[in-house]
Structures are given as C-alpha cells and as structure tokens.
>>> print(open('coords09.cif').read())   # mmCIF, C-alpha atoms
data_run
loop_
_atom_site.label_atom_id
_atom_site.label_comp_id
_atom_site.auth_asym_id
_atom_site.auth_seq_id
_atom_site.Cartn_x
_atom_site.Cartn_y
_atom_site.Cartn_z
CA MET E 234 -8.42 -34.21 4.41
CA TYR E 235 -8.19 -32.69 0.92
CA ASP E 236 -8.74 -34.47 -2.34
CA GLU E 237 -8.09 -32.80 -5.66
CA GLU E 238 -11.76 -32.30 -6.41
CA ARG E 239 -12.27 -30.50 -3.09
CA ILE E 240 -9.23 -28.31 -3.69
CA GLY E 241 -10.60 -27.40 -7.11
CA GLU E 242 -13.92 -26.46 -5.52
CA LEU E 243 -12.21 -24.26 -2.97
CA LEU E 244 -10.05 -22.59 -5.60
CA ARG E 245 -13.21 -21.69 -7.50
CA ALA E 246 -15.09 -20.58 -4.39
CA MET E 247 -14.05 -16.93 -4.38
CA ALA E 248 -14.48 -14.87 -7.53
CA PRO E 249 -12.09 -11.98 -8.11
CA ALA E 250 -13.27 -8.55 -7.06
CA PRO E 251 -13.66 -6.12 -9.96
CA GLU E 252 -10.24 -4.61 -10.68
CA ALA E 253 -11.61 -1.05 -10.39
CA TRP E 254 -12.73 -1.77 -6.80
CA VAL E 255 -9.33 -3.21 -5.96
CA GLN E 256 -7.56 -0.22 -7.50
CA THR E 257 -9.69 2.24 -5.54
CA ALA E 258 -8.91 0.46 -2.28
CA ALA E 259 -5.23 0.08 -3.19
CA ARG E 260 -4.94 3.84 -3.79
CA LEU E 261 -6.28 4.65 -0.31
CA PRO E 262 -2.94 5.74 1.17
CA ALA E 263 -2.30 8.20 -1.69
CA THR E 264 -5.90 9.39 -1.56
CA ARG E 265 -5.72 10.01 2.18
CA ARG E 266 -2.44 11.90 1.78
CA ALA E 267 -4.02 14.15 -0.87
CA ILE E 268 -7.01 14.80 1.42
CA ASP E 269 -4.62 15.62 4.28
CA GLN E 270 -2.89 18.17 2.04
CA ILE E 271 -6.16 19.84 1.09
CA ALA E 272 -7.24 19.94 4.75
CA ALA E 273 -3.87 21.35 5.83
CA LEU E 274 -4.03 24.07 3.21
CA ALA E 275 -7.60 24.90 4.21
CA GLU E 276 -6.50 25.38 7.80
CA VAL E 277 -4.03 28.11 6.91
CA ASP E 278 -5.91 29.71 4.00
CA ALA E 279 -9.52 30.68 4.67
CA GLY E 280 -10.09 31.63 1.03
CA PHE E 281 -8.93 28.24 -0.14
CA ARG E 282 -11.18 26.59 2.44
CA ASP E 283 -14.24 28.58 1.28
CA ASP E 284 -13.51 27.75 -2.36
CA ALA E 285 -13.02 24.09 -1.55
CA LEU E 286 -16.27 23.94 0.45
CA ARG E 287 -18.14 25.64 -2.40
CA ASP E 288 -16.85 23.11 -4.91
CA ILE E 289 -15.69 19.98 -3.15
CA GLU E 290 -15.77 17.88 -6.33
CA GLY E 291 -13.56 20.45 -8.04
CA ALA E 292 -11.12 20.50 -5.12
CA LEU E 293 -10.82 16.74 -5.31
CA GLU E 294 -10.38 16.78 -9.07
CA ARG E 295 -7.68 19.44 -8.84
CA ALA E 296 -5.88 17.15 -6.39
CA GLY E 297 -6.07 14.36 -8.96
CA LEU E 298 -8.79 12.42 -7.15
CA GLU E 299 -12.00 10.92 -8.45
CA PRO E 300 -14.80 12.71 -6.54
CA SER E 301 -16.82 9.67 -5.43
CA PRO E 302 -19.71 10.36 -3.01
CA ALA E 303 -17.75 8.76 -0.15
CA LEU E 304 -14.69 10.89 -0.86
CA VAL E 305 -16.77 14.08 -1.14
CA GLU E 306 -18.32 13.28 2.24
CA HIS E 307 -14.93 12.51 3.75
CA LEU E 308 -13.42 15.81 2.55
CA ARG E 309 -16.48 17.76 3.71
CA ASP E 310 -15.99 16.28 7.19
CA ARG E 311 -12.33 17.22 7.15
CA LEU E 312 -13.03 20.78 6.10
CA MET O 1185 4.86 -7.43 -5.76
CA ALA O 1186 6.28 -10.95 -6.12
CA ALA O 1187 8.28 -10.70 -2.90
CA LEU O 1188 5.37 -9.19 -1.01
CA SER O 1189 3.08 -12.07 -1.94
CA SER O 1190 5.19 -14.42 0.18
CA ILE O 1191 5.16 -12.26 3.30
CA THR O 1192 3.10 -13.40 6.29
CA ASP O 1193 -0.07 -11.51 7.13
CA ALA O 1194 1.67 -10.15 10.22
CA GLY O 1195 4.69 -8.99 8.20
CA LEU O 1196 2.39 -7.33 5.71
CA VAL O 1197 0.47 -5.48 8.43
CA ALA O 1198 3.72 -4.23 9.94
CA ARG O 1199 4.84 -2.89 6.57
CA CYS O 1200 1.47 -1.24 5.94
CA ARG O 1201 1.69 0.43 9.32
CA SER O 1202 5.12 1.81 8.44
CA GLY O 1203 3.61 3.51 5.38
CA ASP O 1204 4.56 1.04 2.64
CA ASP O 1205 2.00 1.63 -0.14
CA ASP O 1206 3.01 -1.53 -2.02
CA ALA O 1207 2.36 -3.59 1.10
CA TRP O 1208 -1.05 -1.98 1.41
CA GLU O 1209 -1.87 -2.91 -2.19
CA GLU O 1210 -0.79 -6.49 -1.49
CA LEU O 1211 -3.02 -6.58 1.60
CA VAL O 1212 -5.97 -5.35 -0.47
CA ARG O 1213 -5.30 -7.93 -3.17
CA ARG O 1214 -4.79 -10.73 -0.64
CA PHE O 1215 -8.17 -10.17 1.02
CA SER O 1216 -10.21 -8.72 -1.86
CA ARG O 1217 -11.78 -12.00 -2.95
CA TYR O 1218 -12.52 -12.97 0.64
CA VAL O 1219 -14.26 -9.68 1.47
CA LEU O 1220 -16.30 -9.79 -1.73
CA ALA O 1221 -17.26 -13.42 -1.16
CA ILE O 1222 -18.48 -12.71 2.37
CA ALA O 1223 -20.61 -9.81 1.11
CA GLN O 1224 -22.06 -11.61 -1.90
CA GLN O 1225 -22.14 -15.27 -0.95
CA ALA O 1226 -22.73 -15.17 2.79
CA TYR O 1227 -24.92 -12.05 2.98
CA ARG O 1228 -26.19 -11.93 -0.61
CA LEU O 1229 -25.70 -8.18 -0.94
CA SER O 1230 -26.47 -6.53 -4.27
CA PRO O 1231 -23.44 -5.54 -6.36
CA ALA O 1232 -23.89 -1.87 -5.37
CA ASP O 1233 -24.09 -2.68 -1.65
CA ALA O 1234 -21.22 -5.14 -1.95
CA GLU O 1235 -19.07 -2.42 -3.52
CA ASP O 1236 -19.90 0.02 -0.71
CA VAL O 1237 -19.11 -2.59 1.93
CA PHE O 1238 -15.91 -3.58 0.10
CA GLN O 1239 -14.61 0.00 0.08
CA ASP O 1240 -15.74 0.59 3.64
CA VAL O 1241 -13.95 -2.55 4.87
CA PHE O 1242 -10.64 -1.43 3.40
CA ALA O 1243 -11.08 2.19 4.49
CA LYS O 1244 -11.70 1.08 8.08
CA THR O 1245 -8.90 -1.46 7.89
CA TYR O 1246 -6.53 1.31 6.76
CA GLU O 1247 -7.65 3.63 9.55
CA ARG O 1248 -7.56 1.02 12.30
CA LEU O 1249 -4.51 -1.07 11.50
CA GLY O 1250 -2.80 0.57 14.45
CA ASP O 1251 -5.49 -0.77 16.80
CA LEU O 1252 -4.88 -4.43 15.95
CA ARG O 1253 -3.80 -6.27 19.09
CA SER O 1254 -1.96 -8.90 17.14
CA ASP O 1255 -0.77 -8.47 13.55
CA ASP O 1256 -1.42 -12.20 13.02
CA ALA O 1257 -5.10 -11.58 13.68
CA VAL O 1258 -5.71 -9.42 10.62
CA ARG O 1259 -7.57 -12.16 8.79
CA PRO O 1260 -10.27 -12.88 11.40
CA TRP O 1261 -10.39 -9.17 12.11
CA ILE O 1262 -11.18 -8.36 8.47
CA ALA O 1263 -13.73 -11.18 8.40
CA GLN O 1264 -15.46 -9.82 11.50
CA LEU O 1265 -15.39 -6.25 10.18
CA THR O 1266 -16.89 -7.39 6.87
CA ARG O 1267 -19.64 -9.32 8.65
CA ARG O 1268 -20.51 -6.34 10.80
CA LEU O 1269 -20.65 -3.93 7.86
CA CYS O 1270 -22.78 -6.36 5.85
CA ILE O 1271 -25.25 -6.68 8.73
CA ASP O 1272 -25.33 -2.89 9.15
CA ARG O 1273 -26.04 -2.52 5.45
CA ILE O 1274 -28.86 -5.06 5.55
CA ARG O 1275 -30.42 -3.49 8.64
CA ALA O 1276 -30.24 -0.03 7.07
CA GLY O 1277 -32.11 -1.22 4.00
CA ALA O 1278 -34.42 -3.81 5.55
CA ARG O 1279 -38.15 -3.41 5.45
CA GLU O 1280 -40.00 -3.85 8.73
CA THR O 1281 -41.14 -7.35 7.82
CA VAL O 1282 -37.64 -8.62 7.17
CA ASP O 1283 -35.60 -10.01 10.02
CA PRO O 1284 -31.99 -9.63 8.86
CA ASP O 1285 -30.84 -12.47 11.11
CA ALA O 1286 -33.45 -14.93 9.91
CA ALA O 1287 -32.89 -13.88 6.31
CA HIS O 1288 -29.30 -15.06 6.53
CA ALA O 1289 -29.57 -18.46 8.11
CA GLY O 1290 -26.64 -20.58 6.98
CA VAL O 1291 -24.21 -17.66 6.98
CA ASP O 1292 -21.86 -19.45 9.37
CA ASP O 1293 -21.53 -22.45 7.06
CA THR O 1294 -20.74 -20.18 4.13
CA LEU O 1295 -18.19 -18.28 6.19
CA ASP O 1296 -16.50 -21.54 7.20
CA GLU O 1297 -16.32 -22.54 3.55
CA LEU O 1298 -14.85 -19.16 2.57
CA ASP O 1299 -12.33 -19.33 5.37
CA GLU O 1300 -11.18 -22.69 4.03
CA ALA O 1301 -11.08 -21.26 0.50
CA LEU O 1302 -8.86 -18.42 1.73
CA SER O 1303 -6.48 -20.95 3.28
CA VAL O 1304 -6.26 -22.75 -0.06
CA GLN O 1305 -5.73 -19.42 -1.81
CA GLU O 1306 -2.87 -18.64 0.59
CA ALA O 1307 -1.33 -22.04 -0.07
CA LEU O 1308 -1.63 -21.41 -3.79
CA GLU O 1309 0.13 -18.05 -3.42
CA SER O 1310 3.04 -19.76 -1.67
CA MET O 1311 3.65 -22.16 -4.61
CA SER O 1312 6.15 -21.76 -7.41
CA GLU O 1313 5.09 -19.33 -10.13
CA PRO O 1314 4.44 -21.95 -12.87
CA CYS O 1315 2.10 -23.99 -10.64
CA ARG O 1316 0.42 -20.90 -9.25
CA ASP O 1317 -0.16 -19.59 -12.76
CA ILE O 1318 -1.56 -22.76 -14.27
CA LEU O 1319 -3.90 -23.47 -11.33
CA ASP O 1320 -5.03 -19.86 -11.27
CA ARG O 1321 -5.81 -19.91 -14.98
CA PHE O 1322 -7.70 -23.19 -14.86
CA PHE O 1323 -9.64 -22.93 -11.62
CA ARG O 1324 -9.98 -19.24 -10.93
CA ARG O 1325 -10.04 -17.69 -14.40
CA ASP O 1326 -11.84 -20.66 -15.92
CA GLU O 1327 -9.53 -20.82 -18.97
CA SER O 1328 -9.69 -23.87 -21.22
CA TYR O 1329 -6.74 -26.23 -21.81
CA ALA O 1330 -6.37 -24.69 -25.27
CA ALA O 1331 -6.30 -21.13 -23.93
CA ILE O 1332 -3.80 -22.04 -21.20
CA GLY O 1333 -1.63 -23.89 -23.71
CA ALA O 1334 -1.66 -20.90 -26.05
CA ALA O 1335 -0.80 -18.48 -23.24
CA LEU O 1336 2.01 -20.59 -21.85
CA GLY O 1337 3.34 -21.87 -25.18
CA LEU O 1338 2.62 -25.49 -24.28
CA PRO O 1339 0.77 -28.19 -26.21
CA SER O 1340 -2.75 -28.34 -24.79
CA GLY O 1341 -2.31 -32.10 -24.30
CA THR O 1342 0.21 -31.49 -21.53
CA ILE O 1343 -1.92 -29.01 -19.63
CA ALA O 1344 -4.09 -31.62 -17.90
CA SER O 1345 -1.08 -33.48 -16.55
CA ARG O 1346 0.55 -30.25 -15.36
CA ILE O 1347 -2.64 -29.22 -13.58
CA SER O 1348 -2.85 -32.62 -11.95
CA ARG O 1349 0.80 -32.48 -10.85
CA CYS O 1350 0.39 -28.97 -9.42
CA LEU O 1351 -2.85 -29.94 -7.67
CA GLY O 1352 -0.99 -32.83 -6.07
CA LYS O 1353 1.69 -30.43 -4.84
CA LEU O 1354 -0.96 -28.09 -3.49
CA ARG O 1355 -2.66 -30.98 -1.71
CA ASP O 1356 0.66 -32.05 -0.17
CA LEU O 1357 1.26 -28.49 0.96
CA LEU O 1358 -2.16 -28.29 2.58
CA MET O 1359 -1.69 -31.65 4.33
CA GLU O 1360 1.81 -30.73 5.44
CA GLU O 1361 0.89 -27.34 6.79
CA ASN O 1362 -2.49 -28.46 8.12
CA ALA O 1363 -4.53 -25.47 6.92
CA PRO O 1364 -4.97 -22.66 7.68
CA LEU O 1365 -1.50 -22.26 6.33
CA THR O 1366 1.14 -19.93 7.60
CA ARG O 1367 3.26 -18.08 5.10
CA HIS O 1368 7.01 -18.26 5.21
CA GLU O 1369 8.58 -15.35 7.04
CA GLU O 1370 10.47 -12.76 4.98
#
>>> encode(input="coords09.cif", output="structure tokens")
Amino acid sequence: MYDEERIGELLRAMAPAPEAWVQTAARLPATRRAIDQIAALAEVDAGFRDDALRDIEGALERAGLEPSPALVEHLRDRL
Amino acid sequence: MAALSSITDAGLVARCRSGDDDAWEELVRRFSRYVLAIAQQAYRLSPADAEDVFQDVFAKTYERLGDLRSDDAVRPWIAQLTRRLCIDRIRAGARETVDPDAAHAGVDDTLDELDEALSVQEALESMSEPCRDILDRFFRRDESYAAIGAALGLPSGTIASRISRCLGKLRDLLMEENAPLTRHEE
C-alpha cells in the first residue's frame, strides 16, 4: 500500500503555514476573551463605549490586541 | 505540547471545549498545513485569500466546536468548512465569465491526496521524537544531510540510513494501522 517513495511524497505534500498565521489563530481564545472584556465594560459604561466606537483600533491596542481589519469588524459588531 | 501531540482528535476537541488554550494551539497546529493546502493546492487561492480563509476557518472552528455531533469528526468537518469558505471566496471574487466549479475541476483528487497526506502526518506525529525530527527535517523542511547532521550532532554519512530506518518504521505503522490512523488515547 505504501512504499517509501510514496510516503516521502506525502510528507512533502503539505507545506507549513506561515508561523504568523498559526500564531494569530492560536491566540484566538485569548483574543476573544479580551474582546468579551471590552464588550462587557462597554455595556456598563456608556462613555467607554462611545470612546471605543470612536477609536476601535485604539481600544484593541489598549487591550493588547493587533487591530486587524477582521478584529476591528468583530469588535464593532460586539459594540 | 509534547503530550498534547499524542492526543486523539476527539480528546483534543474535548479539551478545547473545556477552555484549554494549549489544546486549542495544538488543534491549530495539527490542521494548519491541511487547511492551507486545501486553500492553495485544491482551490489555488492567492496568498492573501488563503490567509483570510485560514483565519476564518479557525475562527469558525473555535466558535462552533460545541456544535460538532461527534468529536471524532473534527477532521472531515474542518475539511468541509475549508472547502465551503474557499468556494465562497472564489464566488465573491469571480468575474461573470468564470464558473467557479468548472475552474476547479480536479479538486476532489487533490483533496483525496491531501487527506492521505494528513494521515501520514498524523502517523509521523505518533512516532518517537528522533524519527519524527529526522523525517520532518528531511522531507518537510527540506534540509540536506549535512544540515541535519550538523543540527543533530551526527556524521552526515549516517543520516541517510537513519532516514531509511525511520521511513521503514513509518511505513510499518501505516500498514499496521491501515490509514487513516487513529492516535493513541491519552
């Protein structure tokens, strides 16, 4: 069923994903928790919510997150 | 991460669902090559589109892990999700004259090949560290005998025989387990 040449081919068949992509996906749980915290704070503090909506990138950066377009969109939806 | 790499897909999903961030990272690493290969090899997405699909696949996987009917099914589920997001991406960007289905004839053959490659990758991950390392360096990182020898502190003349021995073990494992392989339970 498998000879060594075929196994070698299959081992080479899938290139590694760029490490930065993997890291971004791996940090999803922490990222989502940080977004949840921002959203929770915005629910109880209208001033914080207005500030965050005015400067979503800044709100993300202050939470230690990289403000990628997808994350900005996600936080805007949450707010 | 060493212990996590030997956990079954189902065990990993259960740990992710319980909020284990390390398990989530292992799940991402376990399927990252597969997701990328589907996007780039089967659907020929550009690097930018492949990155968007890659992140979207894992975001949706994270959000919907609780909806999985069977934890064992995470692999075909991720494959199906990736396919769907690739097709969505192509349709969103396609010009009127392009039929996304016709443009990707042969996708099924590529997906079969990638599925087999993932089974071999899983078998590799279940091997002892020295074999896993040397096969990974030679086949997946494309390192030369000299580079592997230097990294492992071995004469380069012995590298070929070690690779051959480890390949033989991997072949035996694949024959024994009749791929797709199942991982050993925790």
>>> interface_residues(input="coords09.cif", of="chain O", to="chain E", cutoff="8 Å", atoms="all atoms listed in the file", output="list in words")
Asp1205, Trp1208, Glu1209, Val1212, Arg1213, Ser1216, Arg1217, Tyr1218, Leu1220, Ala1221, Glu1235, Phe1238, Gln1239, Phe1242, Ala1243, Tyr1246, Glu1297, Leu1298, Glu1300, Ala1301, Val1304, Gln1305, Phe1323, Arg1324, Leu1351, Gly1352, Arg1355, Leu1358 and Met1359 of chain O
>>> atom_distance(input="coords09.cif", atom1="atom CA of O:Thr1294", atom2="atom CA of O:Gln1225")
7.2 Å
>>> atom_distance(input="coords09.cif", atom1="atom CA of O:Ile1271", atom2="atom CA of O:Glu1247")
20.4 Å
>>> atom_distance(input="coords09.cif", atom1="atom CA of E:His307", atom2="atom CA of O:Asp1255")
27.1 Å
>>> resolve_selection(input="coords09.cif", expression="the PyMOL selection byres ((chain E and resi 268-276) around 12)", output="ChimeraX atom specification")
/E:261-267,277-286,289,291-300,304-312
>>> residues_around(input="coords09.cif", residues="O:Ala1330", least_positions_apart="2", cutoff="12 Å", atoms="all atoms listed in the file", output="list in words")
Arg1321, Phe1322, Asp1326, Glu1327, Ser1328, Ile1332, Gly1333, Ala1334, Ala1335, Leu1336, Gly1337, Leu1338, Pro1339, Ser1340, Gly1341, Thr1342, Ile1343 and Ala1344 of chain O
>>> closest_residue(input="coords09.cif", among="O:Ile1318, O:Tyr1227, O:Ser1310, O:Asp1356", to="O:Ile1274", atoms="only C-alpha atoms")
O:Tyr1227
>>> closest_residue(input="coords09.cif", among="O:Ala1223, O:Ala1263, O:Cys1315, O:Leu1196", to="O:Asp1296", atoms="all atoms listed in the file")
O:Ala1263
>>> resolve_selection(input="coords09.cif", expression="the PyMOL selection byres ((chain O and resi 1197-1203) around 10)", output="list in words")
Pro262 of chain E; Leu1188, Ile1191, Thr1192, Asp1193, Ala1194, Gly1195, Leu1196, Asp1204, Asp1205, Asp1206, Ala1207, Trp1208, Glu1209, Glu1210, Leu1211, Tyr1246, Glu1247, Arg1248, Leu1249, Gly1250, Leu1252, Ser1254, Asp1255, Asp1256, Ala1257 and Val1258 of chain O
>>> residues_around(input="coords09.cif", residues="O:Leu1295", least_positions_apart="4", cutoff="8 Å", atoms="only C-alpha atoms", output="VMD selection string")
chain O and resid 1222 1226 1291 1299
>>> closest_residue(input="coords09.cif", among="O:Asp1317, O:Glu1360, O:Asp1236, O:Glu1309", to="O:Arg1346", atoms="all atoms listed in the file")
O:Asp1317
